[in-house]
$ cat coords.cif   # mmCIF, C-alpha atoms
data_final
#
loop_
_atom_site.label_atom_id
_atom_site.label_comp_id
_atom_site.auth_asym_id
_atom_site.auth_seq_id
_atom_site.Cartn_x
_atom_site.Cartn_y
_atom_site.Cartn_z
CA MET L 1 2.42 -13.53 29.19
CA SER L 2 1.43 -14.17 25.59
CA ILE L 3 5.04 -13.56 24.55
CA LEU L 4 6.19 -16.25 26.97
CA ASN L 5 3.53 -18.62 25.72
CA ASN L 6 4.65 -18.08 22.15
CA GLN L 7 8.29 -18.77 22.88
CA ARG L 8 9.51 -22.06 21.58
CA PRO L 9 12.01 -24.47 23.12
CA VAL L 10 15.61 -24.02 21.96
CA GLY L 11 16.15 -25.51 18.53
CA VAL L 12 12.53 -25.25 17.43
CA ASN L 13 13.04 -22.53 14.86
CA LEU L 14 13.53 -24.34 11.59
CA ASP L 15 10.63 -22.64 9.87
CA TYR L 16 10.44 -19.69 7.51
CA ASP L 17 8.86 -17.34 10.06
CA SER L 18 11.91 -17.82 12.28
CA PHE L 19 14.35 -17.49 9.40
CA THR L 20 16.41 -14.35 10.02
CA ARG L 21 18.10 -13.88 6.64
CA LYS L 22 15.04 -13.19 4.49
CA GLY L 23 16.58 -10.03 3.01
CA GLU L 24 19.73 -11.81 1.93
CA LEU L 25 17.67 -14.61 0.44
CA ARG L 26 15.56 -12.10 -1.47
CA GLN L 27 18.61 -10.42 -2.95
CA GLU L 28 20.07 -13.78 -3.96
CA LEU L 29 16.83 -14.81 -5.60
CA VAL L 30 16.53 -11.53 -7.51
CA VAL L 31 20.03 -12.06 -8.93
CA HIS L 32 19.29 -15.71 -9.72
CA GLN L 33 16.05 -14.70 -11.50
CA LYS L 34 17.89 -12.11 -13.64
CA GLY L 35 16.07 -9.27 -11.92
CA LEU L 36 12.55 -10.45 -12.76
CA CYS L 37 9.54 -11.45 -10.68
CA ALA L 38 9.06 -15.21 -11.02
CA LEU L 39 5.27 -14.89 -11.15
CA THR L 40 4.73 -11.86 -13.39
CA GLY L 41 7.98 -11.03 -15.21
CA ALA L 42 8.06 -7.47 -13.79
CA ALA L 43 11.46 -5.98 -13.00
CA ILE L 44 12.18 -6.28 -9.27
CA ASP L 45 15.81 -5.17 -9.13
CA ASP L 46 17.21 -1.65 -9.11
CA ARG L 47 15.14 -0.90 -12.23
CA LEU L 48 12.11 -0.80 -9.93
CA GLY L 49 13.50 1.93 -7.72
CA SER L 50 14.89 2.42 -4.26
CA ILE L 51 14.12 -0.73 -2.28
CA SER L 52 14.50 -0.83 1.52
CA SER L 53 16.13 -3.69 3.40
CA GLU L 54 12.61 -5.00 4.05
CA GLY L 55 11.96 -5.03 0.29
CA ASN L 56 9.64 -2.01 0.20
CA LEU L 57 9.68 0.58 -2.55
CA THR L 58 10.69 3.75 -0.72
CA THR L 59 9.90 7.35 -1.60
CA PRO L 60 12.56 10.08 -1.38
CA SER L 61 10.97 11.26 1.88
CA GLY L 62 11.43 7.80 3.39
CA ALA L 63 7.80 6.70 3.15
CA THR L 64 7.12 3.26 1.78
CA LEU L 65 4.64 2.36 -0.94
CA ARG L 66 2.53 -0.76 -0.63
CA ILE L 67 4.61 -2.25 -3.40
CA LYS L 68 7.50 -4.49 -2.46
CA VAL L 69 9.83 -7.26 -3.50
CA HIS L 70 8.90 -10.34 -1.55
CA ASN L 71 10.02 -13.93 -1.00
CA ALA L 72 6.97 -15.81 -2.28
CA HIS L 73 6.26 -19.44 -1.44
CA LEU L 74 5.02 -21.35 -4.47
CA LYS L 75 3.42 -23.82 -2.10
CA PRO L 76 1.94 -21.50 0.55
CA GLN L 77 3.54 -21.54 3.98
CA ALA L 78 0.28 -22.57 5.61
CA GLU L 79 0.08 -25.61 3.35
CA CYS L 80 3.69 -26.54 4.15
CA VAL L 81 2.93 -26.39 7.88
CA ARG L 82 -0.29 -28.36 7.41
CA GLU L 83 1.59 -31.14 5.62
CA LEU L 84 4.12 -31.37 8.45
CA VAL L 85 1.41 -31.61 11.05
CA GLU L 86 -0.39 -34.23 8.95
CA ARG L 87 2.78 -36.31 8.97
CA GLY L 88 2.83 -36.03 12.76
CA GLU L 89 5.83 -33.75 12.80
CA GLU L 90 6.30 -30.54 14.69
CA PRO L 91 6.65 -27.40 12.54
CA GLY L 92 9.86 -25.62 13.44
CA ARG L 93 11.56 -28.74 14.74
CA VAL L 94 11.54 -30.42 11.32
CA VAL L 95 12.40 -28.58 8.12
CA GLY L 96 9.35 -28.34 5.90
CA GLU L 97 8.88 -27.12 2.35
CA ASP L 98 8.46 -23.59 3.67
CA MET L 99 12.26 -23.59 4.00
CA ASP L 100 12.93 -25.44 0.75
CA HIS L 101 14.75 -23.11 -1.64
CA ARG L 102 12.96 -24.74 -4.57
CA ASN L 103 9.69 -23.52 -3.09
CA ILE L 104 10.70 -19.87 -2.68
CA VAL L 105 10.95 -17.26 -5.43
CA ALA L 106 11.36 -13.51 -5.46
CA ALA L 107 8.21 -11.78 -6.59
CA LEU L 108 6.61 -8.37 -6.90
CA LEU L 109 4.02 -7.85 -4.19
CA VAL L 110 1.42 -5.16 -4.88
CA GLU L 111 -0.53 -4.94 -1.67
CA GLY L 112 -3.23 -2.38 -0.99
CA ALA L 113 -6.83 -2.83 -2.07
CA GLU L 114 -8.07 -6.28 -3.04
CA ALA L 115 -8.95 -4.94 -6.51
CA GLU L 116 -5.31 -4.01 -7.14
CA MET L 117 -3.85 -7.42 -6.41
CA PHE L 118 -2.23 -9.76 -8.89
CA GLY L 119 0.70 -12.17 -8.79
CA ALA L 120 1.99 -12.97 -5.31
CA ALA L 121 -0.64 -10.80 -3.59
CA ALA L 122 -3.46 -12.57 -5.44
CA GLN L 123 -2.16 -16.08 -4.78
CA LYS L 124 -2.66 -15.91 -1.02
CA ASP L 125 -3.06 -19.49 0.25
CA SER L 126 -3.93 -21.04 -3.12
CA LEU L 127 -1.89 -23.84 -4.59
CA LEU L 128 -0.52 -23.11 -8.05
CA PRO L 129 -1.46 -25.75 -10.64
CA VAL L 130 1.52 -24.61 -12.74
CA ARG L 131 4.64 -23.27 -11.04
CA PRO L 132 7.25 -21.04 -12.64
CA THR L 133 9.82 -23.66 -11.69
CA ASP L 134 8.03 -26.41 -13.67
CA ALA L 135 9.83 -27.61 -16.77
CA GLY L 136 8.21 -26.13 -19.90
CA CYS L 137 6.22 -23.64 -17.83
CA GLU L 138 6.44 -20.82 -20.39
CA ALA L 139 5.03 -22.93 -23.21
CA ARG L 140 1.87 -23.48 -21.20
CA PHE L 141 0.95 -19.81 -21.42
CA ARG L 142 0.11 -17.89 -24.56
CA PHE L 143 0.81 -14.17 -24.46
CA SER L 144 -0.91 -11.84 -26.92
CA GLY L 145 0.48 -8.69 -28.48
CA ILE L 146 -1.95 -6.59 -26.43
CA GLY L 147 -0.62 -7.86 -23.11
CA THR L 148 -3.21 -10.48 -22.23
CA VAL L 149 -2.34 -14.10 -21.44
CA ASP L 150 -4.23 -17.36 -21.65
CA GLY L 151 -3.38 -20.84 -20.45
CA ALA L 152 -2.77 -23.59 -22.99
CA ASP L 153 -4.44 -26.18 -20.75
CA ASP L 154 -6.85 -26.27 -17.83
CA ARG L 155 -4.13 -26.16 -15.18
CA ALA L 156 -2.46 -23.20 -16.84
CA ARG L 157 -5.82 -21.43 -17.20
CA ASP L 158 -6.45 -21.99 -13.48
CA THR L 159 -3.02 -20.54 -12.76
CA VAL L 160 -3.89 -17.43 -14.80
CA LYS L 161 -7.03 -17.04 -12.70
CA ILE L 162 -5.35 -17.61 -9.34
CA LEU L 163 -2.50 -15.20 -10.03
CA LYS L 164 -4.77 -12.80 -11.95
CA LEU L 165 -2.22 -12.68 -14.74
CA CYS L 166 -4.69 -10.76 -16.92
CA HIS L 167 -5.23 -8.06 -14.30
CA ARG L 168 -5.67 -4.65 -15.94
CA THR L 169 -2.51 -3.32 -14.28
CA LEU L 170 -0.24 -6.22 -15.15
CA ALA L 171 -1.63 -6.65 -18.67
CA GLY L 172 -1.11 -2.92 -19.26
CA TRP L 173 2.54 -3.07 -18.18
CA ARG L 174 3.07 -6.19 -20.28
CA ARG L 175 1.46 -4.58 -23.34
CA GLU L 176 3.71 -1.53 -23.05
CA ALA L 177 6.82 -3.73 -22.83
CA ILE L 178 5.75 -5.79 -25.84
CA GLU L 179 4.96 -2.71 -27.91
CA ALA L 180 8.24 -1.05 -26.96
CA PHE L 181 10.23 -3.97 -28.34
CA ILE L 182 7.97 -5.08 -31.17
CA ASP L 183 7.65 -1.76 -32.90
CA PRO L 184 6.69 -2.31 -36.56
CA SER L 185 8.74 0.71 -37.61
CA MET L 186 11.84 -0.98 -36.20
CA ILE L 187 11.34 -4.38 -37.80
CA GLU L 188 12.60 -4.41 -41.36
CA SER L 189 13.81 -7.98 -41.78
CA PRO L 190 13.66 -11.43 -40.13
CA ALA L 191 17.07 -10.64 -38.66
CA ASP L 192 15.47 -7.86 -36.60
CA ILE L 193 13.04 -10.37 -35.12
CA ASP L 194 15.90 -12.76 -34.40
CA ALA L 195 17.73 -9.95 -32.61
CA ILE L 196 14.69 -9.30 -30.42
CA ILE L 197 14.38 -12.99 -29.55
CA ALA L 198 18.09 -13.19 -28.72
CA ALA L 199 17.77 -10.13 -26.47
CA MET L 200 14.91 -11.83 -24.61
CA THR L 201 16.90 -14.95 -23.85
CA THR L 202 20.41 -13.64 -23.22
CA PRO L 203 20.93 -11.76 -19.96
CA ALA L 204 22.86 -8.51 -20.26
CA ASN L 205 24.77 -7.55 -17.11
CA GLY L 206 22.87 -10.30 -15.31
CA LYS L 207 19.47 -8.91 -16.24
CA LEU L 208 16.70 -9.91 -18.60
CA PRO L 209 14.20 -7.38 -19.96
CA ALA L 210 10.91 -7.10 -18.08
CA TYR L 211 8.28 -9.52 -19.49
CA CYS L 212 10.94 -11.05 -21.76
CA PHE L 213 9.08 -14.36 -22.08
CA ALA L 214 5.94 -12.59 -23.33
CA ILE L 215 7.91 -10.43 -25.77
CA ARG L 216 9.76 -13.49 -27.05
CA GLN L 217 6.52 -15.39 -27.69
CA VAL L 218 5.02 -12.53 -29.65
CA ALA L 219 8.25 -12.10 -31.64
CA GLU L 220 8.42 -15.82 -32.41
CA ARG L 221 4.94 -15.72 -33.85
CA LEU L 222 6.00 -12.89 -36.16
CA ARG L 223 8.85 -15.02 -37.48
CA VAL L 224 6.58 -17.85 -38.62
CA MET Y 1 -29.74 7.79 -5.21
CA MET Y 2 -30.36 6.18 -8.57
CA LEU Y 3 -33.22 4.09 -7.18
CA ALA Y 4 -34.76 7.15 -5.55
CA LEU Y 5 -34.58 9.06 -8.83
CA VAL Y 6 -36.21 6.30 -10.87
CA ALA Y 7 -38.81 5.60 -8.19
CA ASP Y 8 -39.69 9.29 -7.97
CA LEU Y 9 -40.12 9.55 -11.74
CA ALA Y 10 -42.13 6.31 -11.89
CA ILE Y 11 -44.45 7.38 -9.07
CA LYS Y 12 -45.08 10.72 -10.76
CA ALA Y 13 -45.66 8.99 -14.10
CA VAL Y 14 -48.17 6.59 -12.60
CA THR Y 15 -50.03 8.96 -10.29
CA GLN Y 16 -50.30 11.80 -12.80
CA ASN Y 17 -51.02 9.67 -15.88
CA ASN Y 18 -53.07 6.74 -14.65
CA TYR Y 19 -55.57 7.43 -17.40
CA LEU Y 20 -53.06 5.77 -19.74
CA VAL Y 21 -53.46 2.35 -18.12
CA PRO Y 22 -55.64 1.92 -15.04
CA PRO Y 23 -53.92 -0.54 -12.68
CA GLU Y 24 -56.74 -3.08 -13.06
CA GLU Y 25 -56.12 -3.19 -16.80
CA LEU Y 26 -52.43 -4.10 -16.58
CA GLY Y 27 -51.77 -7.10 -18.82
CA PRO Y 28 -48.97 -9.15 -20.36
CA GLU Y 29 -48.08 -6.30 -22.71
CA ASP Y 30 -47.04 -4.31 -19.64
CA GLU Y 31 -44.03 -6.58 -19.11
CA PRO Y 32 -41.23 -5.74 -18.68
CA LEU Y 33 -42.15 -2.06 -18.88
CA PRO Y 34 -45.68 -0.98 -17.98
CA LYS Y 35 -47.42 1.03 -20.70
CA VAL Y 36 -47.80 3.93 -18.32
CA LEU Y 37 -44.03 4.28 -18.12
CA ARG Y 38 -43.54 3.67 -21.83
CA GLU Y 39 -46.04 6.32 -22.84
CA THR Y 40 -45.83 9.00 -20.18
CA PRO Y 41 -44.54 12.07 -22.00
CA GLY Y 42 -42.65 14.91 -20.45
CA VAL Y 43 -39.46 16.80 -19.95
CA VAL Y 44 -37.27 16.14 -16.93
CA LEU Y 45 -34.39 18.38 -15.89
CA ILE Y 46 -31.63 16.83 -13.77
CA ASP Y 47 -28.69 18.84 -12.49
CA GLU Y 48 -25.46 16.81 -12.24
CA LEU Y 49 -26.90 13.47 -13.26
CA ASP Y 50 -23.87 11.59 -11.98
CA VAL Y 51 -23.67 13.09 -8.53
CA HIS Y 52 -23.28 10.52 -5.73
CA LEU Y 53 -23.39 7.63 -8.20
CA HIS Y 54 -20.78 4.87 -8.23
CA PRO Y 55 -18.83 4.85 -11.51
CA ARG Y 56 -20.57 1.63 -12.56
CA TRP Y 57 -23.92 3.40 -12.22
CA GLN Y 58 -22.65 6.54 -13.92
CA ARG Y 59 -21.93 4.33 -16.94
CA ARG Y 60 -25.53 3.19 -17.18
CA VAL Y 61 -27.65 5.97 -15.73
CA ALA Y 62 -28.37 7.76 -19.03
CA THR Y 63 -29.23 4.59 -20.93
CA ASP Y 64 -31.36 3.26 -18.07
CA LEU Y 65 -33.38 6.47 -17.86
CA LYS Y 66 -33.93 6.58 -21.63
CA THR Y 67 -35.09 2.96 -21.82
CA THR Y 68 -37.25 3.13 -18.69
CA PHE Y 69 -38.96 6.35 -19.72
CA PRO Y 70 -38.78 6.33 -23.53
CA ALA Y 71 -41.32 9.14 -24.00
CA ILE Y 72 -39.60 11.54 -21.62
CA GLN Y 73 -36.95 13.94 -22.76
CA PHE Y 74 -34.18 14.26 -20.23
CA VAL Y 75 -32.12 17.42 -20.09
CA CYS Y 76 -29.20 16.84 -17.74
CA THR Y 77 -25.93 18.42 -16.78
CA SER Y 78 -22.91 16.30 -15.96
CA HIS Y 79 -19.22 16.59 -15.27
CA SER Y 80 -18.68 12.85 -15.59
CA PRO Y 81 -16.70 11.44 -18.52
CA LEU Y 82 -18.44 8.14 -17.76
CA VAL Y 83 -21.82 9.68 -18.57
CA ILE Y 84 -20.53 11.51 -21.65
CA GLY Y 85 -18.98 8.30 -22.97
CA GLU Y 86 -22.37 6.59 -22.96
CA VAL Y 87 -24.37 9.10 -25.03
CA LEU Y 88 -24.29 10.01 -28.71
CA PRO Y 89 -22.66 13.26 -29.81
CA GLU Y 90 -25.99 14.69 -30.93
CA GLU Y 91 -27.23 14.28 -27.36
CA VAL Y 92 -24.33 16.28 -25.94
CA ARG Y 93 -23.84 20.03 -25.70
CA LEU Y 94 -20.56 21.32 -24.32
CA LEU Y 95 -21.42 24.46 -22.43
CA ASP Y 96 -19.00 27.33 -22.15
CA VAL Y 97 -19.49 30.94 -21.09
CA ASP Y 98 -20.74 32.07 -24.47
CA LYS Y 99 -21.39 28.93 -26.49
CA ALA Y 100 -22.91 25.47 -26.57
CA GLU Y 101 -21.17 23.07 -28.95
CA MET Y 102 -22.03 19.61 -30.15
CA PRO Y 103 -18.98 17.31 -30.21
CA ALA Y 104 -18.11 15.03 -33.13
CA GLN Y 105 -17.37 12.09 -30.81
CA SER Y 106 -18.48 11.00 -27.36
CA PHE Y 107 -20.12 7.54 -27.29
CA GLY Y 108 -17.52 4.80 -26.79
CA MET Y 109 -14.63 7.17 -26.14
CA ASP Y 110 -12.46 6.51 -23.10
CA CYS Y 111 -12.56 8.64 -19.97
CA ASN Y 112 -9.09 10.12 -20.39
CA TRP Y 113 -9.87 11.33 -23.90
CA ILE Y 114 -13.16 12.86 -22.78
CA ILE Y 115 -11.51 14.57 -19.80
CA GLU Y 116 -8.66 16.00 -21.87
CA VAL Y 117 -10.41 16.86 -25.13
CA LEU Y 118 -14.04 17.58 -24.34
CA MET Y 119 -13.75 18.77 -20.76
CA GLY Y 120 -10.37 20.51 -20.88
CA GLY Y 121 -9.09 18.64 -17.82
CA ALA Y 122 -5.85 16.79 -17.22
CA GLU Y 123 -5.81 13.01 -17.35
CA ARG Y 124 -3.12 12.88 -14.66
CA ASN Y 125 -1.28 15.12 -12.23
CA PRO Y 126 0.28 17.83 -14.44
CA GLU Y 127 3.66 17.69 -12.67
CA ILE Y 128 3.85 13.93 -13.13
CA LYS Y 129 2.89 14.35 -16.79
CA LYS Y 130 5.68 16.88 -17.20
CA ARG Y 131 8.17 14.45 -15.70
CA LEU Y 132 6.93 11.63 -17.91
CA ASP Y 133 7.32 13.84 -20.98
CA ARG Y 134 10.85 14.66 -19.83
CA ILE Y 135 11.69 10.96 -19.55
CA PHE Y 136 10.60 10.31 -23.13
CA GLY Y 137 12.60 13.33 -24.25
CA LEU Y 138 15.70 11.93 -22.53
CA ILE Y 139 15.18 8.58 -24.25
CA ASP Y 140 14.83 10.31 -27.63
CA ARG Y 141 18.15 12.01 -27.01
CA LYS Y 142 19.68 8.68 -25.88
CA GLU Y 143 20.38 10.07 -22.42
CA LEU Y 144 19.49 6.69 -20.99
CA SER Y 145 21.11 6.90 -17.56
CA ALA Y 146 19.28 10.12 -16.77
CA ALA Y 147 16.02 8.61 -18.03
CA GLU Y 148 16.53 5.47 -15.91
CA GLU Y 149 17.20 7.57 -12.83
CA GLU Y 150 14.03 9.60 -13.38
CA ILE Y 151 11.99 6.39 -13.90
CA ARG Y 152 13.32 5.00 -10.62
CA ASN Y 153 12.47 8.24 -8.84
CA LEU Y 154 8.95 8.31 -10.24
CA ARG Y 155 8.34 4.64 -9.45
CA CYS Y 156 9.38 5.30 -5.85
CA GLU Y 157 6.80 8.07 -5.67
CA MET Y 158 3.87 6.53 -7.50
CA GLY Y 159 4.65 2.89 -8.28
CA ASN Y 160 4.65 1.68 -11.86
CA SER Y 161 2.29 2.77 -14.64
CA ASP Y 162 1.73 1.97 -18.30
CA ARG Y 163 3.71 5.02 -19.43
CA LEU Y 164 6.56 4.33 -17.02
CA GLN Y 165 6.71 0.73 -18.19
CA ARG Y 166 6.80 1.88 -21.83
CA ALA Y 167 9.69 4.20 -21.02
CA ALA Y 168 11.57 1.51 -19.07
CA SER Y 169 11.12 -1.03 -21.87
CA LEU Y 170 12.14 1.51 -24.52
CA ILE Y 171 15.40 2.00 -22.62
CA GLU Y 172 15.93 -1.76 -22.50
CA ARG Y 173 15.31 -1.92 -26.24
CA VAL Y 174 17.73 0.87 -27.06
CA LYS Y 175 20.38 -0.71 -24.83
CA LEU Y 176 19.95 -4.22 -26.21
CA LEU Y 177 19.17 -3.53 -29.85
CA ALA Y 178 20.91 -0.16 -30.21
CA ARG Y 179 17.83 1.37 -31.83
#
$ encode --input "coords.cif" --output "C-alpha cells"
Amino acid sequence: MSILNNQRPVGVNLDYDSFTRKGELRQELVVHQKGLCALTGAAIDDRLGSISSEGNLTTPSGATLRIKVHNAHLKPQAECVRELVERGEEPGRVVGEDMDHRNIVAALLVEGAEAEMFGAAAQKDSLLPVRPTDAGCEARFRFSGIGTVDGADDRARDTVKILKLCHRTLAGWRREAIEAFIDPSMIESPADIDAIIAAMTTPANGKLPAYCFAIRQVAERLRV
Amino acid sequence: MMLALVADLAIKAVTQNNYLVPPEELGPEDEPLPKVLRETPGVVLIDELDVHLHPRWQRRVATDLKTTFPAIQFVCTSHSPLVIGEVLPEEVRLLDVDKAEMPAQSFGMDCNWIIEVLMGGAERNPEIKKRLDRIFGLIDRKELSAAEEEIRNLRCEMGNSDRLQRAASLIERVKLLAR
C-alpha cells in the first residue's frame, strides 16, 4: 500500500532521486574533475582502487568499504526541494537545482562513524559559504606545509568547519602528499619549484595529482 | 571506574586521617583541594591503572591522581601507551622477566612510538606493514605499475592511510618530475 501511495503520476520524475543515470554522471564528473574530489582534492578515480558501479570501494572478496565516490550536491538536495516548494512548484514536475549539473560534483564519501567524517559526509544538509565552483575559490584557502588549511575570510573559515577540511584523516593525507612532492632533498634550484608548480596545474593523462592545489600553494610560497 | 577509584581513595584519606583537618575546621585554604587530601601520606598500589578507562581518561589518570593526592606515592602497572606518554621517564620502569629498566623517553612521545619501542608491540597489522614496506621498495626500484597495483589493492582492503597516501604521491612525483 505504501508503495502505491509513493508512486507519482507519469512525468513527475524530474528530480535527482528519480534520476537513473547517477553512475554515468559520476564517471563523467570524475573525468571532468581530473580524477579529484571537488571538496577535498583526494584521488577518486582508478588510483583509489576498485570501485563498484554504485561507487563503492570494493575488496577482493566483493565486500564494500564505507568509502565511496559520490555525486555530491553543493546546495543540498533538501534545500533544492525546499526552494521549489517555497516557489509553489511541485518537486519532480519542475526541474530544480538538485538536477542542475552546476550543483553536482563528484566527491569522496567516507561514511561510517560520525568522528570519521569530512568532506561530503560532513556537509550533510549545510549550505557551503564557499563552493569549489566559485571563481577564485582556491585563493580563499591557505594550505600549510603540514597539511592543515585555514580560510582567508570568514566564509572560507566557515567552509573549512562545515566540511571539516582540517580533519585528522584528511590533513594527514594532505601532509603526506605535500611532503612527497616538496622534498627538500629534491629541490636544488628555483627551476625545481617551477617544475612542481607546473605538474600541479597541467593534467597528465587527464589526471591531476591528489591535493595538487595544496601542493601548489606550498610550492609557490617557497618560490617567493 | 575512575570516579570510583578517586572516591575510594578520598574516603579512605578522610576517614583514616581526619585528625589532619576536622571537618568543622575546613576553611578557604581547603579550596580547591582539602588539606586532608593534600597531606594524607601513603602508598597505593594499582594493577592495570588504565583498565576500563576511555582513552581520554587514560591520558589524564596519572596526572589527576598525582595532583589530587600529592602526598601519596602511586605504584601502578599499565599496558597503555597513553598512560606511559603522560609520565616522566624516571617514573617508569619497563618490567621484563629478569629486569626493570628506566627508559630515556616517555612523556610527550606518541602512542605508536611507545608501542613499538618501549612495549615491543606492532603499531599496525604486521602483514599490512610488510605490504606497505614492499610498496616503498617497489617505488625505490621505479617499479611504479606494480606499486600502484599494490596501493589499489590495499586501499580496497583498508581504505586510505597516511603511508598509502605518501606512497601514491611519491609515484605521482616520480612520474611527473622523473625523480
$ closest_atom_pairs --input "coords.cif" --of "chain Y" --to "chain L" --cutoff "12 Å" --atoms "all atoms listed in the file" --output "tab-separated table"
residue	atom	partner	partner_atom	distance
Y:Ser145	CA	L:Arg47	CA	11.2
Y:Ala147	CA	L:Arg47	CA	11.2
Y:Glu148	CA	L:Arg47	CA	7.5
Y:Glu149	CA	L:Gly49	CA	8.5
Y:Glu150	CA	L:Gly49	CA	9.5
Y:Ile151	CA	L:Gly49	CA	7.8
Y:Arg152	CA	L:Gly49	CA	4.2
Y:Asn153	CA	L:Gly49	CA	6.5
Y:Leu154	CA	L:Gly49	CA	8.2
Y:Arg155	CA	L:Gly49	CA	6.1
Y:Cys156	CA	L:Thr59	CA	4.7
Y:Glu157	CA	L:Thr59	CA	5.2
Y:Met158	CA	L:Leu65	CA	7.8
Y:Gly159	CA	L:Ile67	CA	7.1
Y:Asn160	CA	L:Leu48	CA	8.1
Y:Ser161	CA	L:Trp173	CA	6.8
Y:Asp162	CA	L:Trp173	CA	5.1
Y:Arg163	CA	L:Glu176	CA	7.5
Y:Leu164	CA	L:Trp173	CA	8.5
Y:Gln165	CA	L:Trp173	CA	5.6
Y:Arg166	CA	L:Glu176	CA	4.8
Y:Ala167	CA	L:Ala180	CA	8.1
Y:Ala168	CA	L:Ala177	CA	8.0
Y:Ser169	CA	L:Ala177	CA	5.2
Y:Leu170	CA	L:Ala180	CA	5.3
Y:Ile171	CA	L:Ala180	CA	8.9
Y:Glu172	CA	L:Pro209	CA	6.4
Y:Arg173	CA	L:Phe181	CA	5.9
Y:Val174	CA	L:Phe181	CA	9.0
Y:Lys175	CA	L:Ala204	CA	9.4
Y:Leu176	CA	L:Ala199	CA	6.3
Y:Leu177	CA	L:Ala195	CA	7.1
Y:Ala178	CA	L:Ala195	CA	10.6
Y:Arg179	CA	L:Met186	CA	7.8
$ residues_around --input "coords.cif" --residues "range 95-102 of chain L" --least-positions-apart "6" --cutoff "6 Å" --atoms "all atoms listed in the file" --output "PyMOL selection string"
chain L and resi 14+16+77+80
$ atom_distance --input "coords.cif" --atom1 "CA of Thr68 in chain Y" --atom2 "CA of Met119 in chain Y"
28.3 Å
$ residues_near_point --input "coords.cif" --point "(24.0, -10.5, -12.4)" --cutoff "12 Å" --atoms "all atoms listed in the file" --output "PyMOL selection string"
chain L and resi 27-36+45-46+202-208
$ residues_around --input "coords.cif" --residues "Lys12 in chain Y" --least-positions-apart "3" --cutoff "12 Å" --atoms "only C-alpha atoms" --output "PyMOL selection string"
chain Y and resi 5-9+15-18+36-37+40-42+44+69
$ atom_distance --input "coords.cif" --atom1 "CA of Thr77 in chain Y" --atom2 "CA of Asp47 in chain Y"
5.1 Å
$ axis_aligned_box --input "coords.cif" --around "range 138-149 of chain Y" --padding-each-side "4 Å" --output "lines of an AutoDock Vina configuration file"
center_x = 18.0
center_y = 8.7
center_z = -20.2
size_x = 14.3
size_y = 14.5
size_z = 22.8
$ decode --input "coords.cif" --residues "range 80-91 of chain Y" --atoms "N, CA and C atoms" --output "JSON list (two decimals), in the first residue's frame"
[["chain", "number", "residue", "atom", "x", "y", "z"],
["Y", 80, "SER", "N", 49.16, 0.60, 28.81],
["Y", 80, "SER", "CA", 48.60, 1.64, 27.94],
["Y", 80, "SER", "C", 49.67, 2.64, 27.52],
["Y", 81, "PRO", "N", 49.90, 2.78, 26.23],
["Y", 81, "PRO", "CA", 50.86, 3.81, 25.77],
["Y", 81, "PRO", "C", 50.36, 5.22, 26.12],
["Y", 82, "LEU", "N", 49.05, 5.37, 26.31],
["Y", 82, "LEU", "CA", 48.50, 6.67, 26.68],
["Y", 82, "LEU", "C", 48.95, 7.06, 28.08],
["Y", 83, "VAL", "N", 49.00, 6.09, 28.98],
["Y", 83, "VAL", "CA", 49.45, 6.36, 30.35],
["Y", 83, "VAL", "C", 50.95, 6.62, 30.34],
["Y", 84, "ILE", "N", 51.70, 5.79, 29.63],
["Y", 84, "ILE", "CA", 53.16, 5.93, 29.60],
["Y", 84, "ILE", "C", 53.56, 7.29, 29.02],
["Y", 85, "GLY", "N", 52.81, 7.74, 28.04],
["Y", 85, "GLY", "CA", 53.13, 9.01, 27.39],
["Y", 85, "GLY", "C", 52.85, 10.23, 28.24],
["Y", 86, "GLU", "N", 52.27, 10.03, 29.41],
["Y", 86, "GLU", "CA", 51.93, 11.15, 30.29],
["Y", 86, "GLU", "C", 52.82, 11.22, 31.53],
["Y", 87, "VAL", "N", 53.75, 10.29, 31.68],
["Y", 87, "VAL", "CA", 54.61, 10.31, 32.88],
["Y", 87, "VAL", "C", 56.08, 10.41, 32.48],
["Y", 88, "LEU", "N", 56.87, 10.96, 33.41],
["Y", 88, "LEU", "CA", 58.29, 11.18, 33.12],
["Y", 88, "LEU", "C", 59.04, 9.86, 33.11],
["Y", 89, "PRO", "N", 60.14, 9.80, 32.37],
["Y", 89, "PRO", "CA", 60.90, 8.54, 32.32],
["Y", 89, "PRO", "C", 61.30, 8.02, 33.69],
["Y", 90, "GLU", "N", 61.67, 8.96, 34.60],
["Y", 90, "GLU", "CA", 62.10, 8.46, 35.92],
["Y", 90, "GLU", "C", 60.95, 7.85, 36.72],
["Y", 91, "GLU", "N", 59.73, 8.05, 36.25],
["Y", 91, "GLU", "CA", 58.57, 7.43, 36.93],
["Y", 91, "GLU", "C", 58.23, 6.07, 36.33]]
